[in-house]
Amino acid sequence: MVQKILHMLNREISGLHQAAYLLGFFAILSQVLALFRDRLLASMFGAGQSLDIYYAAFRIPDIVFATVASLVSVSVIIPFLIERIDRDEEKNKKGEEKEDRKEARHFLNSIFTFYMGLLSLVSLALFFATPYITRLLFPVISAGEFYTELVTMTRILLLSPFLLGLSNLFASVTQVYRRFFVYAIAPVMYNIGIMFGILVLYPIYGLTGLALGVVSGALLHLLIQVPSTLTSGLFPRFSFPLDFSAIKKVIFISLPRTITVSSNELTELFLISFASFLIPGSISVFNFSFNLQSVPFSIIGVSYSLAAFPMLTRLFSKGDREQFLEQMIISSRHIIFWSIPISVLFVVLRAQIVRTILGAGRFNWDDTRLTAAALALFTVSLVAQNLTTLFVRSYYARGKTRPPLFMNVFSAGLIVVVSYALVLFFREVAFFRDFVEGVLKVQDIPGTIVLMLPLGYTFGTLVNMCMHWYAFEVEYPKYSDLVLKTFFQTIGASLIMGFVAYKGLGVFGAFFDMDTFFGIFMQGFLAGILGLVAWLCVLYLLKSTELQDVWNTLHKKIWRAKVIAPDTVQ
């Protein structure tokens, strides 16, 4: 049994679509657990003050993860690691070196030692600075009765970026050898730990138990990576003296990427800080809707970009520009193929989605409608989020980190400025306020001003995608012509799907009791299925290449993919 488990964890997956669908499957599983987690939180607390504290406590640890911990991110480490593994193999072939993977192991050991020291110092400093930082970021919450809980939970959660960053270092090894199974299952373990905190630790320790659950999830995220890393022979250890030349190169490459990632986290920090000044529950509404729209983002954008990244890195290392472009085009077309219909369905079925997933316990109908409206605004940017993730990975595969840095920092600043301006405009201009509330059908509930935050986020994200697309098109002029066909084909089919699904809501609503969970679920489910059937029929008539690719990939049964040796750079 143990041998079978280890064999499964160590399997190498070939093919972009096979890897993407495997990652996508486990992303779905992880997101299902995440949705169940959010349902538990919504049921226990509703969109209120206690849950606002929980989400606010993540802000400082998330910034640490996006800055210091991201220095050892998969995107940065993999190209260095591939280069050293290939050099080691070449030396072994020539008989110049007897010790297997000597250069690769020395590199990983140096990075590991440097990372552990740096993050320990940063975490210790922030542990003592937490009370002052929380007062600055969340003055309204800090002035209330939950200030002590906010500080305690933030301090506990500082362990999370430490463990997740270390897990990412191990994940660079698993991805180099295309062991996507173990990488894909790690987020599942993370969510299991969080739910353990909600169900077991919260009744014992209160809000602090929720933070302990997150840390236990981060620990599981790390531990699941250990067996595969050990069997690869590249398990990192403390090592002196350090290879400072390699560390400098990694930091030089990482720093722009770290600023890129941290700009996104800082954007969320500012938006949540804005939300803390609004009515209680605004932070919860923002986070619930953001988490829901993150489900398709994780399943589609992250899965395809992760699956494509090692291949893109190798193709660029070989100087194969045509194959690199072809791989980007294929990935982009499939991202568009999946993202647009899901965006349309999320907008049409937003109320049914939110009520089905979160509608329990203290999460009332007003919370549902407000979260659904925010979800619709976030979802409009889904295609942009997914494509931007792929564009950024393509830059990292080419060793270019500055272009995405400038574009992401600009868009992050734009999101903050536009969101703040929209909040002011929403307060002062009655016509605009009435228009937004009317379109999203939230006229008669309080707290609608929070909708300006997802609206500002979507605007900045769309601008960010346009900048990345234009920059890539300048370098690879053939890109747009081959991708836009899929874009227009898919958007046409998706609009028809949305219309059919919307009409289906009225039809199926007459057959079920809309005051019950089962009735709301069946209304949305059947309307969505009807819309998807229409979407598939239209794409079939249009002879969609992507639809044929999906069928061919599923027909091959990706779970039976043969184990292959990783490619080597010639």
# chains A, B, ... in the order shown; residues from 1 in each chain; ligands from 1
call {"tool": "residues_around", "arguments": {"residues": "stretch 372-374 of chain A", "least_positions_apart": "4", "cutoff": "12 Å", "atoms": "only C-alpha atoms", "output": "VMD selection string"}}
result
chain A and resid 282 to 293 346 to 359 365 to 368 378 to 381 436 to 443 445 447 to 458
call {"tool": "residues_around", "arguments": {"residues": "stretch 478-484 of chain A", "least_positions_apart": "4", "cutoff": "10 Å", "atoms": "only C-alpha atoms", "output": "list in words"}}
result
Leu325, Glu326, Met328, Ile329, Ile330, Ser331, Ser332, Arg333, His334, Ile336, Trp469, Tyr470, Phe472, Glu473, Val474, Phe488, Gln489 and Thr490 of chain A
call {"tool": "residues_around", "arguments": {"residues": "stretch 252-268 of chain A", "least_positions_apart": "2", "cutoff": "8 Å", "atoms": "only C-alpha atoms", "output": "list in words"}}
result
Asp62, Ile63, Ala66, Thr67, Val68, Ser70, Leu71, Val72, Val76, Lys248, Lys249, Val250, Phe270, Leu271, Ile272, Gly399, Lys400, Thr401, Arg402, Pro404, Leu405, Phe406, Asn408, Val409, Ala412, Gly413, Ile415 and Val416 of chain A
call {"tool": "atom_distance", "arguments": {"atom1": "atom CA of A:Ile496", "atom2": "atom CA of A:Phe525"}}
result
17.2 Å
call {"tool": "closest_residue", "arguments": {"among": "A:Leu375, A:Ala308, A:Leu108, A:Ala218", "to": "A:Leu242", "atoms": "only C-alpha atoms"}}
result
A:Leu108
call {"tool": "decode", "arguments": {"residues": "stretch 105-116 of chain A", "atoms": "all heavy atoms", "output": "PDB file, in the first residue's frame"}}
result
ATOM      1  N   ARG A 105      21.961  20.153  -5.893  1.00  0.00           N
ATOM      2  CA  ARG A 105      21.752  20.035  -4.449  1.00  0.00           C
ATOM      3  C   ARG A 105      22.416  21.188  -3.701  1.00  0.00           C
ATOM      4  O   ARG A 105      21.859  21.715  -2.737  1.00  0.00           O
ATOM      5  CB  ARG A 105      22.277  18.690  -3.945  1.00  0.00           C
ATOM      6  CG  ARG A 105      21.312  17.547  -4.234  1.00  0.00           C
ATOM      7  CD  ARG A 105      21.656  16.268  -3.501  1.00  0.00           C
ATOM      8  NE  ARG A 105      22.849  15.630  -4.053  1.00  0.00           N
ATOM      9  CZ  ARG A 105      24.048  15.648  -3.485  1.00  0.00           C
ATOM     10  NH1 ARG A 105      24.218  16.272  -2.335  1.00  0.00           N
ATOM     11  NH2 ARG A 105      25.061  15.040  -4.045  1.00  0.00           N
ATOM     12  N   HIS A 106      23.594  21.580  -4.137  1.00  0.00           N
ATOM     13  CA  HIS A 106      24.272  22.713  -3.486  1.00  0.00           C
ATOM     14  C   HIS A 106      23.458  23.994  -3.659  1.00  0.00           C
ATOM     15  O   HIS A 106      23.345  24.804  -2.721  1.00  0.00           O
ATOM     16  CB  HIS A 106      25.670  22.887  -4.071  1.00  0.00           C
ATOM     17  CG  HIS A 106      26.463  23.991  -3.423  1.00  0.00           C
ATOM     18  ND1 HIS A 106      26.633  24.090  -2.058  1.00  0.00           N
ATOM     19  CD2 HIS A 106      27.107  25.065  -3.969  1.00  0.00           C
ATOM     20  CE1 HIS A 106      27.364  25.166  -1.787  1.00  0.00           C
ATOM     21  NE2 HIS A 106      27.650  25.775  -2.925  1.00  0.00           N
ATOM     22  N   PHE A 107      22.880  24.156  -4.825  1.00  0.00           N
ATOM     23  CA  PHE A 107      22.035  25.323  -5.087  1.00  0.00           C
ATOM     24  C   PHE A 107      20.822  25.335  -4.165  1.00  0.00           C
ATOM     25  O   PHE A 107      20.526  26.343  -3.501  1.00  0.00           O
ATOM     26  CB  PHE A 107      21.588  25.310  -6.552  1.00  0.00           C
ATOM     27  CG  PHE A 107      20.493  26.287  -6.870  1.00  0.00           C
ATOM     28  CD1 PHE A 107      20.755  27.637  -6.988  1.00  0.00           C
ATOM     29  CD2 PHE A 107      19.182  25.845  -7.050  1.00  0.00           C
ATOM     30  CE1 PHE A 107      19.740  28.545  -7.274  1.00  0.00           C
ATOM     31  CE2 PHE A 107      18.165  26.736  -7.336  1.00  0.00           C
ATOM     32  CZ  PHE A 107      18.447  28.088  -7.446  1.00  0.00           C
ATOM     33  N   LEU A 108      20.105  24.215  -4.090  1.00  0.00           N
ATOM     34  CA  LEU A 108      18.920  24.142  -3.241  1.00  0.00           C
ATOM     35  C   LEU A 108      19.258  24.325  -1.769  1.00  0.00           C
ATOM     36  O   LEU A 108      18.531  24.999  -1.023  1.00  0.00           O
ATOM     37  CB  LEU A 108      18.211  22.807  -3.444  1.00  0.00           C
ATOM     38  CG  LEU A 108      17.174  22.721  -4.559  1.00  0.00           C
ATOM     39  CD1 LEU A 108      16.595  21.311  -4.630  1.00  0.00           C
ATOM     40  CD2 LEU A 108      16.064  23.734  -4.372  1.00  0.00           C
ATOM     41  N   ASN A 109      20.367  23.750  -1.322  1.00  0.00           N
ATOM     42  CA  ASN A 109      20.763  23.888   0.081  1.00  0.00           C
ATOM     43  C   ASN A 109      21.052  25.343   0.441  1.00  0.00           C
ATOM     44  O   ASN A 109      20.695  25.808   1.527  1.00  0.00           O
ATOM     45  CB  ASN A 109      22.002  23.031   0.363  1.00  0.00           C
ATOM     46  CG  ASN A 109      21.695  21.545   0.338  1.00  0.00           C
ATOM     47  OD1 ASN A 109      20.534  21.151   0.417  1.00  0.00           O
ATOM     48  ND2 ASN A 109      22.731  20.731   0.209  1.00  0.00           N
ATOM     49  N   SER A 110      21.693  26.047  -0.460  1.00  0.00           N
ATOM     50  CA  SER A 110      21.999  27.464  -0.203  1.00  0.00           C
ATOM     51  C   SER A 110      20.730  28.293  -0.133  1.00  0.00           C
ATOM     52  O   SER A 110      20.574  29.138   0.761  1.00  0.00           O
ATOM     53  CB  SER A 110      22.927  28.005  -1.296  1.00  0.00           C
ATOM     54  OG  SER A 110      24.191  27.383  -1.257  1.00  0.00           O
ATOM     55  N   ILE A 111      19.817  28.057  -1.069  1.00  0.00           N
ATOM     56  CA  ILE A 111      18.552  28.789  -1.073  1.00  0.00           C
ATOM     57  C   ILE A 111      17.756  28.479   0.192  1.00  0.00           C
ATOM     58  O   ILE A 111      17.186  29.378   0.832  1.00  0.00           O
ATOM     59  CB  ILE A 111      17.730  28.442  -2.331  1.00  0.00           C
ATOM     60  CG1 ILE A 111      18.467  28.880  -3.591  1.00  0.00           C
ATOM     61  CG2 ILE A 111      16.351  29.080  -2.259  1.00  0.00           C
ATOM     62  CD1 ILE A 111      18.705  30.358  -3.699  1.00  0.00           C
ATOM     63  N   PHE A 112      17.709  27.204   0.575  1.00  0.00           N
ATOM     64  CA  PHE A 112      16.978  26.780   1.765  1.00  0.00           C
ATOM     65  C   PHE A 112      17.545  27.450   3.021  1.00  0.00           C
ATOM     66  O   PHE A 112      16.796  27.990   3.855  1.00  0.00           O
ATOM     67  CB  PHE A 112      17.068  25.260   1.887  1.00  0.00           C
ATOM     68  CG  PHE A 112      16.564  24.712   3.189  1.00  0.00           C
ATOM     69  CD1 PHE A 112      15.198  24.615   3.439  1.00  0.00           C
ATOM     70  CD2 PHE A 112      17.459  24.268   4.157  1.00  0.00           C
ATOM     71  CE1 PHE A 112      14.742  24.104   4.643  1.00  0.00           C
ATOM     72  CE2 PHE A 112      17.004  23.749   5.350  1.00  0.00           C
ATOM     73  CZ  PHE A 112      15.648  23.673   5.601  1.00  0.00           C
ATOM     74  N   THR A 113      18.837  27.449   3.181  1.00  0.00           N
ATOM     75  CA  THR A 113      19.467  28.042   4.365  1.00  0.00           C
ATOM     76  C   THR A 113      19.213  29.540   4.428  1.00  0.00           C
ATOM     77  O   THR A 113      18.871  30.086   5.490  1.00  0.00           O
ATOM     78  CB  THR A 113      20.982  27.765   4.346  1.00  0.00           C
ATOM     79  OG1 THR A 113      21.206  26.359   4.230  1.00  0.00           O
ATOM     80  CG2 THR A 113      21.643  28.287   5.610  1.00  0.00           C
ATOM     81  N   PHE A 114      19.375  30.199   3.304  1.00  0.00           N
ATOM     82  CA  PHE A 114      19.138  31.646   3.254  1.00  0.00           C
ATOM     83  C   PHE A 114      17.678  31.973   3.553  1.00  0.00           C
ATOM     84  O   PHE A 114      17.373  32.892   4.329  1.00  0.00           O
ATOM     85  CB  PHE A 114      19.523  32.169   1.873  1.00  0.00           C
ATOM     86  CG  PHE A 114      19.185  33.618   1.656  1.00  0.00           C
ATOM     87  CD1 PHE A 114      19.971  34.621   2.189  1.00  0.00           C
ATOM     88  CD2 PHE A 114      18.062  33.974   0.907  1.00  0.00           C
ATOM     89  CE1 PHE A 114      19.649  35.961   1.993  1.00  0.00           C
ATOM     90  CE2 PHE A 114      17.733  35.302   0.709  1.00  0.00           C
ATOM     91  CZ  PHE A 114      18.530  36.298   1.250  1.00  0.00           C
ATOM     92  N   TYR A 115      16.770  31.200   2.966  1.00  0.00           N
ATOM     93  CA  TYR A 115      15.335  31.440   3.151  1.00  0.00           C
ATOM     94  C   TYR A 115      14.926  31.279   4.612  1.00  0.00           C
ATOM     95  O   TYR A 115      14.211  32.121   5.174  1.00  0.00           O
ATOM     96  CB  TYR A 115      14.540  30.464   2.282  1.00  0.00           C
ATOM     97  CG  TYR A 115      13.083  30.361   2.662  1.00  0.00           C
ATOM     98  CD1 TYR A 115      12.172  31.338   2.275  1.00  0.00           C
ATOM     99  CD2 TYR A 115      12.619  29.288   3.421  1.00  0.00           C
ATOM    100  CE1 TYR A 115      10.838  31.253   2.636  1.00  0.00           C
ATOM    101  CE2 TYR A 115      11.292  29.186   3.787  1.00  0.00           C
ATOM    102  CZ  TYR A 115      10.404  30.171   3.391  1.00  0.00           C
ATOM    103  OH  TYR A 115       9.088  30.087   3.764  1.00  0.00           O
ATOM    104  N   MET A 116      15.372  30.203   5.245  1.00  0.00           N
ATOM    105  CA  MET A 116      15.003  29.943   6.634  1.00  0.00           C
ATOM    106  C   MET A 116      15.482  31.062   7.551  1.00  0.00           C
ATOM    107  O   MET A 116      14.764  31.504   8.446  1.00  0.00           O
ATOM    108  CB  MET A 116      15.581  28.596   7.087  1.00  0.00           C
ATOM    109  CG  MET A 116      14.985  27.394   6.379  1.00  0.00           C
ATOM    110  SD  MET A 116      13.285  27.071   6.866  1.00  0.00           S
ATOM    111  CE  MET A 116      13.545  26.298   8.452  1.00  0.00           C
TER     112      MET A 116
END
